[in-house]
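As stored in input.pdb (PDB, C-alpha atoms):
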ATOM      1  CA  MET I   1       1.852 -24.323 -11.854
ATOM      2  CA  ASN I   2      -0.246 -27.370 -10.987
ATOM      3  CA  SER I   3      -3.143 -26.134  -8.871
ATOM      4  CA  THR I   4      -3.700 -29.691  -7.573
ATOM      5  CA  HIS I   5      -0.421 -29.451  -5.634
ATOM      6  CA  PRO I   6       0.035 -25.734  -4.881
ATOM      7  CA  PRO I   7       3.463 -24.626  -3.652
ATOM      8  CA  VAL I   8       2.103 -22.808  -0.574
ATOM      9  CA  LEU I   9       0.033 -24.156   2.299
ATOM     10  CA  VAL I  10      -1.764 -21.579   4.447
ATOM     11  CA  VAL I  11      -2.545 -23.000   7.889
ATOM     12  CA  GLY I  12      -5.279 -20.977   9.529
ATOM     13  CA  ALA I  13      -8.214 -19.302   7.773
ATOM     14  CA  GLY I  14      -8.303 -16.249  10.021
ATOM     15  CA  PRO I  15      -7.767 -12.673   8.816
ATOM     16  CA  ALA I  16      -3.965 -13.065   8.584
ATOM     17  CA  GLY I  17      -4.159 -16.357   6.696
ATOM     18  CA  LEU I  18      -6.842 -15.177   4.263
ATOM     19  CA  VAL I  19      -5.072 -11.897   3.495
ATOM     20  CA  ALA I  20      -1.786 -13.744   2.982
ATOM     21  CA  ALA I  21      -3.509 -16.238   0.662
ATOM     22  CA  LEU I  22      -5.187 -13.485  -1.341
ATOM     23  CA  THR I  23      -1.913 -11.594  -1.708
ATOM     24  CA  LEU I  24      -0.142 -14.742  -2.891
ATOM     25  CA  LEU I  25      -2.881 -15.489  -5.412
ATOM     26  CA  GLN I  26      -2.701 -11.957  -6.771
ATOM     27  CA  ASN I  27       1.022 -12.532  -7.240
ATOM     28  CA  GLY I  28       0.299 -15.626  -9.315
ATOM     29  CA  ILE I  29       1.194 -18.128  -6.577
ATOM     30  CA  PRO I  30      -1.430 -20.893  -6.042
ATOM     31  CA  VAL I  31      -2.265 -21.675  -2.427
ATOM     32  CA  ARG I  32      -4.222 -24.162  -0.341
ATOM     33  CA  ILE I  33      -5.892 -23.047   2.910
ATOM     34  CA  ILE I  34      -6.599 -25.400   5.804
ATOM     35  CA  ASP I  35      -8.118 -24.659   9.194
ATOM     36  CA  LYS I  36      -8.829 -26.728  12.310
ATOM     37  CA  ASP I  37     -12.395 -25.342  12.489
ATOM     38  CA  PRO I  38     -14.782 -27.059  10.035
ATOM     39  CA  ASN I  39     -17.149 -24.058  10.035
ATOM     40  CA  PRO I  40     -16.680 -20.251  10.064
ATOM     41  CA  ARG I  41     -16.822 -18.686  13.500
ATOM     42  CA  ILE I  42     -20.083 -16.995  14.431
ATOM     43  CA  GLY I  43     -20.057 -13.453  15.805
ATOM     44  CA  GLN I  44     -17.564 -10.628  15.689
ATOM     45  CA  ARG I  45     -14.014 -10.775  16.991
ATOM     46  CA  GLY I  46     -13.678  -7.017  17.345
ATOM     47  CA  PRO I  47     -16.147  -4.222  16.509
ATOM     48  CA  GLY I  48     -13.757  -2.005  14.589
ATOM     49  CA  ILE I  49     -11.661  -1.998  11.426
ATOM     50  CA  TRP I  50      -8.760   0.421  11.590
ATOM     51  CA  PRO I  51      -7.891   2.696   8.654
ATOM     52  CA  ARG I  52      -4.715   0.778   7.822
ATOM     53  CA  SER I  53      -6.903  -2.306   7.307
ATOM     54  CA  LEU I  54      -9.212  -0.277   5.059
ATOM     55  CA  GLU I  55      -6.196   0.798   3.028
ATOM     56  CA  LEU I  56      -5.136  -2.837   2.793
ATOM     57  CA  PHE I  57      -8.596  -3.798   1.517
ATOM     58  CA  ASN I  58      -8.220  -1.064  -1.089
ATOM     59  CA  PHE I  59      -4.770  -2.350  -2.131
ATOM     60  CA  LEU I  60      -6.154  -5.905  -2.328
ATOM     61  CA  ASN I  61      -8.921  -4.579  -4.577
ATOM     62  CA  VAL I  62     -11.814  -5.267  -2.177
ATOM     63  CA  PRO I  63     -12.781  -1.636  -1.429
ATOM     64  CA  GLU I  64     -16.457  -2.534  -0.940
ATOM     65  CA  VAL I  65     -15.564  -3.285   2.703
ATOM     66  CA  ASN I  66     -15.241   0.476   3.205
ATOM     67  CA  ASP I  67     -19.003   0.915   2.787
ATOM     68  CA  LEU I  68     -19.970  -1.473   5.583
ATOM     69  CA  GLY I  69     -19.334   0.908   8.504
ATOM     70  CA  LYS I  70     -22.021   2.892  10.264
ATOM     71  CA  PRO I  71     -21.932   6.353  11.922
ATOM     72  CA  ALA I  72     -20.894   6.506  15.551
ATOM     73  CA  SER I  73     -23.621   6.166  18.170
ATOM     74  CA  THR I  74     -24.320   9.011  20.555
ATOM     75  CA  VAL I  75     -23.685   8.688  24.297
ATOM     76  CA  ARG I  76     -26.391   9.988  26.639
ATOM     77  CA  SER I  77     -25.590  10.878  30.245
ATOM     78  CA  TYR I  78     -28.102  11.095  33.102
ATOM     79  CA  LYS I  79     -28.306  12.765  36.476
ATOM     80  CA  PRO I  80     -27.056  10.361  39.155
ATOM     81  CA  GLY I  81     -29.825   8.076  40.423
ATOM     82  CA  THR I  82     -32.378   9.390  37.916
ATOM     83  CA  MET I  83     -33.473   8.917  34.323
ATOM     84  CA  GLU I  84     -33.260  12.643  33.659
ATOM     85  CA  PRO I  85     -30.857  13.189  30.743
ATOM     86  CA  LEU I  86     -28.011  15.653  31.147
ATOM     87  CA  GLY I  87     -26.961  15.709  27.518
ATOM     88  CA  GLU I  88     -25.718  13.779  24.513
ATOM     89  CA  SER I  89     -22.315  13.546  22.908
ATOM     90  CA  SER I  90     -20.492  11.428  20.362
ATOM     91  CA  MET I  91     -18.206   8.617  21.537
ATOM     92  CA  VAL I  92     -15.546  10.072  19.276
ATOM     93  CA  PRO I  93     -15.588  13.328  17.306
ATOM     94  CA  PHE I  94     -16.210  12.722  13.614
ATOM     95  CA  MET I  95     -13.810  14.282  11.125
ATOM     96  CA  GLU I  96     -14.394  14.354   7.394
ATOM     97  CA  PRO I  97     -11.797  12.350   5.465
ATOM     98  CA  ALA I  98      -9.248  14.589   3.740
ATOM     99  CA  PRO I  99      -8.052  14.181   0.131
ATOM    100  CA  THR I 100      -4.738  12.781   1.341
ATOM    101  CA  VAL I 101      -6.222  10.662   4.178
ATOM    102  CA  PRO I 102      -9.430   9.167   2.772
ATOM    103  CA  PHE I 103     -10.011   6.301   5.173
ATOM    104  CA  ALA I 104     -11.776   6.514   8.534
ATOM    105  CA  VAL I 105     -12.277   4.074  11.398
ATOM    106  CA  LYS I 106     -15.423   2.080  10.631
ATOM    107  CA  THR I 107     -17.264  -0.279  12.947
ATOM    108  CA  GLU I 108     -20.808  -1.416  13.570
ATOM    109  CA  ASN I 109     -21.354   1.867  15.363
ATOM    110  CA  MET I 110     -18.227   3.936  14.830
ATOM    111  CA  ASN I 111     -16.862   6.050  11.995
ATOM    112  CA  VAL I 112     -13.955   8.373  12.817
ATOM    113  CA  ARG I 113     -10.739   9.598  11.278
ATOM    114  CA  ARG I 114      -7.555   8.300  12.797
ATOM    115  CA  SER I 115      -5.127  10.465  14.676
ATOM    116  CA  PRO I 116      -1.949  11.769  13.011
ATOM    117  CA  ILE I 117       0.163   9.204  14.877
ATOM    118  CA  LEU I 118      -2.012   6.362  13.606
ATOM    119  CA  PHE I 119      -1.752   7.860  10.119
ATOM    120  CA  MET I 120       1.926   6.950  10.209
ATOM    121  CA  LEU I 121       1.167   3.788  12.215
ATOM    122  CA  GLY I 122       3.254   5.441  14.937
ATOM    123  CA  VAL I 123       6.422   4.839  12.940
ATOM    124  CA  ASN I 124       7.993   5.663   9.586
ATOM    125  CA  CYS I 125      10.707   3.924   7.566
ATOM    126  CA  ARG I 126      12.976   6.909   6.902
ATOM    127  CA  PHE I 127      15.766   5.064   8.708
ATOM    128  CA  SER I 128      15.699   2.160   6.228
ATOM    129  CA  ASN I 129      18.863   1.598   4.194
ATOM    130  CA  ILE I 130      16.887   0.694   1.059
ATOM    131  CA  VAL I 131      14.870   3.917   0.766
ATOM    132  CA  LEU I 132      16.357   6.709  -1.333
ATOM    133  CA  ASP I 133      15.614  10.414  -0.949
ATOM    134  CA  GLU I 134      17.572  12.873  -3.079
ATOM    135  CA  PHE I 135      15.714  15.824  -1.550
ATOM    136  CA  ALA I 136      16.159  15.071   2.167
ATOM    137  CA  ALA I 137      18.616  17.245   4.069
ATOM    138  CA  PRO I 138      21.792  15.235   4.839
ATOM    139  CA  GLY I 139      22.571  14.689   8.492
ATOM    140  CA  LYS I 140      19.060  15.535   9.574
ATOM    141  CA  PRO I 141      18.021  13.639  12.755
ATOM    142  CA  ILE I 142      15.558  10.852  12.001
ATOM    143  CA  ASN I 143      12.561  10.568  14.298
ATOM    144  CA  ALA I 144      11.000   7.195  13.512
ATOM    145  CA  TYR I 145       8.166   7.840  15.967
ATOM    146  CA  GLY I 146       6.797  11.152  14.808
ATOM    147  CA  VAL I 147       3.415  12.692  14.140
ATOM    148  CA  LEU I 148       2.093  13.478  10.694
ATOM    149  CA  ASP I 149       3.663  16.589   9.189
ATOM    150  CA  GLU I 150       1.761  17.443   6.005
ATOM    151  CA  ARG I 151       4.416  20.060   5.146
ATOM    152  CA  ASN I 152       7.086  17.376   4.879
ATOM    153  CA  LEU I 153       7.143  14.123   2.898
ATOM    154  CA  GLU I 154      10.233  11.941   2.778
ATOM    155  CA  ALA I 155      11.163   8.502   1.484
ATOM    156  CA  GLY I 156      10.041   6.020   4.113
ATOM    157  CA  ASP I 157       6.748   7.826   4.823
ATOM    158  CA  ARG I 158       3.342   6.457   3.938
ATOM    159  CA  ALA I 159       2.249   7.610   0.490
ATOM    160  CA  PRO I 160      -0.700  10.029   0.610
ATOM    161  CA  ASP I 161      -3.755   9.807  -1.613
ATOM    162  CA  ALA I 162      -5.154  12.328  -4.108
ATOM    163  CA  PRO I 163      -8.658  12.202  -5.633
ATOM    164  CA  ASN I 164     -10.253  13.451  -8.861
ATOM    165  CA  MET I 165      -7.397  12.590 -11.200
ATOM    166  CA  LEU I 166      -8.229  12.895 -14.910
ATOM    167  CA  GLN I 167      -6.770  10.285 -17.255
ATOM    168  CA  VAL I 168      -5.498  11.694 -20.553
ATOM    169  CA  GLY I 169      -3.211   8.865 -21.699
ATOM    170  CA  GLY I 170      -2.068   5.298 -21.199
ATOM    171  CA  GLY I 171      -4.161   2.146 -21.135
ATOM    172  CA  GLU I 172      -7.834   1.817 -20.341
ATOM    173  CA  SER I 173      -8.522   2.445 -16.672
ATOM    174  CA  ASP I 174     -11.190   3.813 -14.366
ATOM    175  CA  VAL I 175      -8.651   4.939 -11.734
ATOM    176  CA  LYS I 176      -9.425   8.394 -10.374
ATOM    177  CA  THR I 177      -7.300   8.372  -7.199
ATOM    178  CA  LEU I 178      -3.641   7.664  -6.507
ATOM    179  CA  PHE I 179      -4.617   4.977  -3.997
ATOM    180  CA  GLY I 180      -6.377   3.289  -6.894
ATOM    181  CA  LEU I 181      -2.958   2.815  -8.520
ATOM    182  CA  TYR I 182      -1.144   1.215  -5.595
ATOM    183  CA  ARG I 183      -1.252  -2.565  -5.271
ATOM    184  CA  PRO I 184       0.777  -5.023  -3.162
ATOM    185  CA  TRP I 185       2.291  -6.894  -6.092
ATOM    186  CA  TYR I 186       4.253  -4.145  -7.878
ATOM    187  CA  HIS I 187       6.051  -0.835  -7.433
ATOM    188  CA  THR I 188       4.224   2.257  -8.675
ATOM    189  CA  VAL I 189       6.398   4.977 -10.220
ATOM    190  CA  LEU I 190       4.799   8.439 -10.151
ATOM    191  CA  VAL I 191       6.490  10.918 -12.476
ATOM    192  CA  PHE I 192       5.431  14.469 -11.643
ATOM    193  CA  ALA I 193       6.432  16.640 -14.606
ATOM    194  CA  PRO I 194       5.410  19.973 -16.172
ATOM    195  CA  SER I 195       4.780  18.170 -19.477
ATOM    196  CA  HIS I 196       4.854  14.662 -20.865
ATOM    197  CA  THR I 197       8.040  15.550 -22.756
ATOM    198  CA  ASP I 198       9.813  16.211 -19.442
ATOM    199  CA  ALA I 199       8.833  12.724 -18.262
ATOM    200  CA  THR I 200      10.098  10.919 -21.382
ATOM    201  CA  PRO I 201      13.689  10.153 -20.182
ATOM    202  CA  ILE I 202      12.371   8.619 -16.974
ATOM    203  CA  LEU I 203       9.803   6.516 -18.814
ATOM    204  CA  GLY I 204      12.589   5.327 -21.100
ATOM    205  CA  ALA I 205      14.625   4.137 -18.113
ATOM    206  CA  LEU I 206      11.617   2.228 -16.774
ATOM    207  CA  GLU I 207      11.334   0.175 -19.971
ATOM    208  CA  ALA I 208      14.315  -1.900 -18.749
ATOM    209  CA  TYR I 209      12.192  -3.372 -15.953
ATOM    210  CA  ASP I 210       9.679  -6.166 -16.350
ATOM    211  CA  THR I 211       6.062  -4.992 -16.412
ATOM    212  CA  SER I 212       5.174  -7.502 -13.696
ATOM    213  CA  ILE I 213       7.177  -5.609 -11.076
ATOM    214  CA  LYS I 214       6.324  -1.976 -11.819
ATOM    215  CA  ARG I 215       3.609   0.363 -13.054
ATOM    216  CA  SER I 216       4.154   3.935 -14.168
ATOM    217  CA  ALA I 217       2.001   7.043 -14.133
ATOM    218  CA  VAL I 218       2.825  10.529 -15.342
ATOM    219  CA  VAL I 219       1.137  13.169 -13.165
ATOM    220  CA  LEU I 220       0.692  16.507 -14.929
ATOM    221  CA  PRO I 221      -0.290  19.769 -13.195
ATOM    222  CA  SER I 222      -3.821  21.179 -13.243
ATOM    223  CA  SER I 223      -2.735  23.680 -15.908
ATOM    224  CA  ALA I 224      -1.973  20.857 -18.379
ATOM    225  CA  SER I 225      -4.234  20.279 -21.360
ATOM    226  CA  ALA I 226      -6.891  17.578 -21.112
ATOM    227  CA  THR I 227      -6.084  16.504 -24.661
ATOM    228  CA  SER I 228      -5.287  12.812 -25.063
ATOM    229  CA  VAL I 229      -1.555  11.965 -24.931
ATOM    230  CA  ALA I 230       0.178   8.946 -26.495
ATOM    231  CA  SER I 231       2.548   7.541 -23.868
ATOM    232  CA  PRO I 232       4.564   4.443 -22.926
ATOM    233  CA  ALA I 233       3.407   5.050 -19.345
ATOM    234  CA  ASP I 234       0.607   2.899 -17.977
ATOM    235  CA  LEU I 235      -1.335   6.068 -17.180
ATOM    236  CA  VAL I 236      -1.081   9.786 -17.816
ATOM    237  CA  LEU I 237      -3.084  11.791 -15.289
ATOM    238  CA  VAL I 238      -3.923  15.463 -14.862
ATOM    239  CA  ASP I 239      -4.130  16.617 -11.245
ATOM    240  CA  GLN I 240      -7.306  18.616 -11.830
ATOM    241  CA  GLU I 241      -7.696  20.019  -8.312
ATOM    242  CA  GLY I 242      -4.042  20.111  -7.301
ATOM    243  CA  HIS I 243      -4.384  17.558  -4.482
ATOM    244  CA  ALA I 244      -1.535  15.357  -5.732
ATOM    245  CA  TYR I 245       0.925  18.222  -6.233
ATOM    246  CA  SER I 246       0.029  19.565  -2.792
ATOM    247  CA  ALA I 247       0.257  16.231  -0.958
ATOM    248  CA  TYR I 248       3.528  15.232  -2.635
ATOM    249  CA  LEU I 249       4.994  18.736  -2.261
ATOM    250  CA  VAL I 250       5.800  19.203  -5.942
ATOM    251  CA  GLU I 251       6.342  22.797  -7.063
ATOM    252  CA  ALA I 252       5.190  24.277 -10.357
ATOM    253  CA  GLY I 253       7.647  23.520 -13.171
ATOM    254  CA  GLN I 254       9.430  20.847 -11.112
ATOM    255  CA  THR I 255      10.132  17.250 -12.186
ATOM    256  CA  LYS I 256      10.042  14.836  -9.272
ATOM    257  CA  VAL I 257       9.778  11.037  -9.204
ATOM    258  CA  PHE I 258       8.205   8.958  -6.421
ATOM    259  CA  VAL I 259       8.469   5.185  -6.238
ATOM    260  CA  ILE I 260       5.672   3.731  -4.119
ATOM    261  CA  ARG I 261       6.495   0.317  -2.717
ATOM    262  CA  PRO I 262       3.966  -2.550  -2.695
ATOM    263  CA  ASP I 263       3.285  -1.846   0.998
ATOM    264  CA  GLY I 264       2.177   1.729   0.251
ATOM    265  CA  VAL I 265       5.350   3.346   1.577
ATOM    266  CA  VAL I 266       7.356   5.875  -0.450
ATOM    267  CA  GLY I 267      10.487   3.931  -1.375
ATOM    268  CA  ALA I 268      12.217   6.700  -3.298
ATOM    269  CA  ILE I 269      11.989  10.411  -4.077
ATOM    270  CA  VAL I 270      14.417  11.236  -6.868
ATOM    271  CA  ARG I 271      15.069  13.847  -9.541
ATOM    272  CA  GLY I 272      15.184  11.695 -12.652
ATOM    273  CA  ALA I 273      16.150   8.506 -14.483
ATOM    274  CA  GLU I 274      19.470   7.953 -12.701
ATOM    275  CA  GLY I 275      17.808   8.116  -9.305
ATOM    276  CA  VAL I 276      15.213   5.562 -10.406
ATOM    277  CA  LYS I 277      17.982   3.201 -11.573
ATOM    278  CA  LYS I 278      19.882   3.678  -8.322
ATOM    279  CA  TYR I 279      16.840   2.841  -6.220
ATOM    280  CA  PHE I 280      15.851  -0.246  -8.189
ATOM    281  CA  SER I 281      19.450  -1.500  -8.199
ATOM    282  CA  GLY I 282      19.042  -2.096  -4.468
ATOM    283  CA  ILE I 283      15.698  -3.837  -4.906
ATOM    284  CA  PHE I 284      15.826  -6.095  -7.956
ATOM    285  CA  LEU I 285      18.159  -8.848  -9.102
ATOM    286  CA  VAL I 286      19.927  -7.627 -12.257
ATOM    287  CA  SER I 287      22.007  -9.155 -14.998
ATOM    288  CA  SER I 288      25.692  -8.224 -14.719
ATOM    289  CA  ALA I 289      25.939  -8.206 -18.505
ATOM    290  CA  ALA I 290      22.929  -6.137 -19.477
ATOM    291  CA  GLY I 291      22.234  -4.335 -16.219
ATOM    292  CA  ILE I 292      18.515  -5.144 -16.432
ATOM    293  CA  PRO I 293      16.282  -7.547 -14.489
ATOM    294  CA  MET I 294      16.904 -11.150 -15.572
ATOM    295  CA  ARG I 295      14.009 -12.943 -17.233
ATOM    296  CA  SER I 296      15.310 -16.519 -17.646
ATOM    297  CA  ALA I 297      13.083 -19.438 -16.632
ATOM    298  CA  GLU I 298      15.485 -20.311 -13.818
ATOM    299  CA  VAL I 299      15.398 -16.800 -12.358
ATOM    300  CA  GLN I 300      11.621 -16.621 -12.730
ATOM    301  CA  ARG I 301      11.335 -19.860 -10.765
ATOM    302  CA  PHE I 302      13.706 -18.502  -8.137
ATOM    303  CA  LYS I 303      11.665 -15.293  -7.934
ATOM    304  CA  ARG I 304       8.474 -17.257  -7.361
ATOM    305  CA  ARG I 305      10.075 -19.201  -4.553
ATOM    306  CA  LEU I 306      11.664 -16.112  -3.048
ATOM    307  CA  LYS I 307       8.398 -14.208  -3.296
ATOM    308  CA  ALA I 308       6.620 -17.010  -1.466
ATOM    309  CA  CYS I 309       9.244 -16.861   1.282
ATOM    310  CA  LEU I 310       9.106 -13.085   1.576
ATOM    311  CA  LEU I 311       5.335 -13.205   1.845
ATOM    312  CA  ALA I 312       5.485 -15.968   4.461
ATOM    313  CA  MET I 313       4.032 -14.828   7.745
ATOM    314  CA  ILE I 314       3.421 -16.276  11.195
ATOM    315  CA  VAL I 315       0.761 -14.779  13.404
ATOM    316  CA  ARG I 316       0.730 -16.348  16.881
ATOM    317  CA  SER I 317      -2.282 -15.848  19.139
ATOM    318  CA  GLU I 318      -2.784 -16.552  22.825
ATOM    319  CA  ALA I 319      -3.774 -20.157  22.139
ATOM    320  CA  GLN I 320      -0.707 -22.359  21.820
ATOM    321  CA  PHE I 321      -1.677 -23.885  18.495
ATOM    322  CA  ASP I 322      -3.900 -21.131  17.159
ATOM    323  CA  GLU I 323      -1.659 -19.622  14.525
ATOM    324  CA  ALA I 324      -1.614 -18.810  10.842
ATOM    325  CA  ILE I 325       1.438 -20.039   8.983
ATOM    326  CA  VAL I 326       2.355 -19.747   5.320
ATOM    327  CA  ILE I 327       4.810 -22.403   4.213
ATOM    328  CA  PRO I 328       6.386 -22.403   0.720
ATOM    329  CA  SER I 329       6.421 -26.175   0.452
ATOM    330  CA  ASP I 330       8.546 -26.447  -2.710
ATOM    331  CA  SER I 331      11.201 -23.953  -1.682
ATOM    332  CA  ASP I 332      14.816 -24.767  -0.852
ATOM    333  CA  ILE I 333      14.996 -21.622   1.300
ATOM    334  CA  GLN I 334      14.550 -22.341   4.995
ATOM    335  CA  LEU I 335      12.519 -19.963   7.153
ATOM    336  CA  PRO I 336      13.459 -19.529  10.842
ATOM    337  CA  GLY I 337      11.208 -21.558  13.106
ATOM    338  CA  ILE I 338       9.728 -23.606  10.261
ATOM    339  CA  PRO I 339      11.215 -27.081   9.784
TER
END
Please lay out the structure from this file as structure tokens.
Amino acid sequence: MNSTHPPVLVVGAGPAGLVAALTLLQNGIPVRIIDKDPNPRIGQRGPGIWPRSLELFNFLNVPEVNDLGKPASTVRSYKPGTMEPLGESSMVPFMEPAPTVPFAVKTENMNVRRSPILFMLGVNCRFSNIVLDEFAAPGKPINAYGVLDERNLEAGDRAPDAPNMLQVGGGESDVKTLFGLYRPWYHTVLVFAPSHTDATPILGALEAYDTSIKRSAVVLPSSASATSVASPADLVLVDQEGHAYSAYLVEAGQTKVFVIRPDGVVGAIVRGAEGVKKYFSGIFLVSSAAGIPMRSAEVQRFKRRLKACLLAMIVRSEAQFDEAIVIPSDSDIQLPGIP
């Protein structure tokens, strides 16, 4: 693409506009950013960064933001009308991040773990008609506004993290956590299997899909050998401390496949290759002849335009004209509200 005339114009260089622009760039779509303010605004526009934002920074590969927070300040109370202190307490109780929930609220003076409801953003996507869960009980009532239940993980839930993963196969990588795998420009397929041999049929099915839209990782149990393994998967990991198998509720000797969407949500939980194909058939455009994602120049161009449209976002603020808009300027697809 000609970077002199990028296909996307981002109007508004606020947080929404900059994140949208960065996401587009990481998807190979050139952008131009314009803003009505000639200079960056001085001063903060909110003292806190919520954990979901920290996760987003991690997905966008700017995790250094996580180190900028400071511990919470203490609050001192005094006897009425005097300067005699009654005691000190924290504004919010600090909780150590857990292996599955590594991010805390960080501000200039605050550092706390989020509540279980905020962990799920107050809502899950189990009701979505594009998620697939071959392990969920049929007919079970769906509570979209539920609290975190670490004993239950279904398609449509946020994907948990797991630290201290040991790489024993695949390409060169310094990834040691599952969150380190997830990015907003591809699906991540986690194949939990007793051995690499058990994962082979699933990896074979994944070869039909373009590498630009998926990544694969075989997750072996802690009992697996640390010996290097030759694999078509992008990564082969040993769950040294069992955090991944515990968080994803995988039993010993079980083969279970999780597809993590680009937004960090579990899109599918399936038993094997056929389940993976079924899930992706509802996500990707496929050739009727070959049954695999099309790769022609025309389809690639269409995908770029469609991707730009899908990533388009409008964030309206209180000011009438203070908004961030992403417009795919070379697209034939019309977006509601954008002429």
(-13.5, 13.6, -10.0) in this file's frame - what residues fall within 10 Å of it? Use all atoms listed in the file and give the answer as a PDB file with C-alpha atoms, in the coordinates of the input.
ATOM      1  CA  PRO I 163      -8.658  12.202  -5.633  1.00  0.00           C
ATOM      2  CA  ASN I 164     -10.253  13.451  -8.861  1.00  0.00           C
ATOM      3  CA  MET I 165      -7.397  12.590 -11.200  1.00  0.00           C
ATOM      4  CA  LEU I 166      -8.229  12.895 -14.910  1.00  0.00           C
ATOM      5  CA  LYS I 176      -9.425   8.394 -10.374  1.00  0.00           C
ATOM      6  CA  THR I 177      -7.300   8.372  -7.199  1.00  0.00           C
ATOM      7  CA  ASP I 239      -4.130  16.617 -11.245  1.00  0.00           C
ATOM      8  CA  GLN I 240      -7.306  18.616 -11.830  1.00  0.00           C
ATOM      9  CA  GLU I 241      -7.696  20.019  -8.312  1.00  0.00           C
TER      10      GLU I 241
END
message = Assuming the chain letters and numbering stay as they are in my file, what does the PyMOL selection byres ((chain I and resi 276) around 12) actually select? List them as a PyMOL selection string.
response = chain I and resi 131-134+187-191+201-209+214+216+256-260+267-275+277-284
key: Separation of CA of Glu172 in chain I from CA of Asp263 in chain I, in Å and rounded to one decimal   =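 Between CA of Glu172 in chain I and CA of Asp263 in chain I the gap is 24.3 Å.
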inquiry  = Please enumerate the residues selected by the PyMOL selection byres ((chain I and resi 242) around 12) when evaluated against the supplied file, formatted as a ChimeraX atom specification.
reply    = /I:99-100,161-166,192,219-224,237-241,243-252
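With only C-alpha atoms as the atoms that count, the residue of I:Leu178, I:Val266, I:Ile130, I:Ile29 with the shortest distance to Asp157 in chain I is I:Val266.
For the atom pair formed by CA of Asn39 in chain I and CA of Val62 in chain I, the distance is 23.0 Å, given to one decimal.
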ask   = Distance CA of Glu64 in chain I-CA of Val19 in chain I, one decimal place?
value =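 Result for CA of Glu64 in chain I versus CA of Val19 in chain I: 15.4 Å, one decimal.
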ask   = Given the choices I:Ala13, I:Leu56, I:Val218, I:Ala230, which gets closest to Thr255 in chain I if the distance is worked out from all atoms listed in the file?
value =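 Closest to Thr255 in chain I of all the choices is I:Val218.
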inquiry  = So that I can check the surroundings of Tyr186 in chain I, please list as a list in words every protein, DNA and RNA residue that reaches within 8 Å of it, counting only C-alpha atoms and ignoring chain neighbours fewer than 3 positions away.
reply    = Tyr182, Arg183, Ser212, Ile213, Lys214, Arg215, Arg261 and Pro262 of chain I
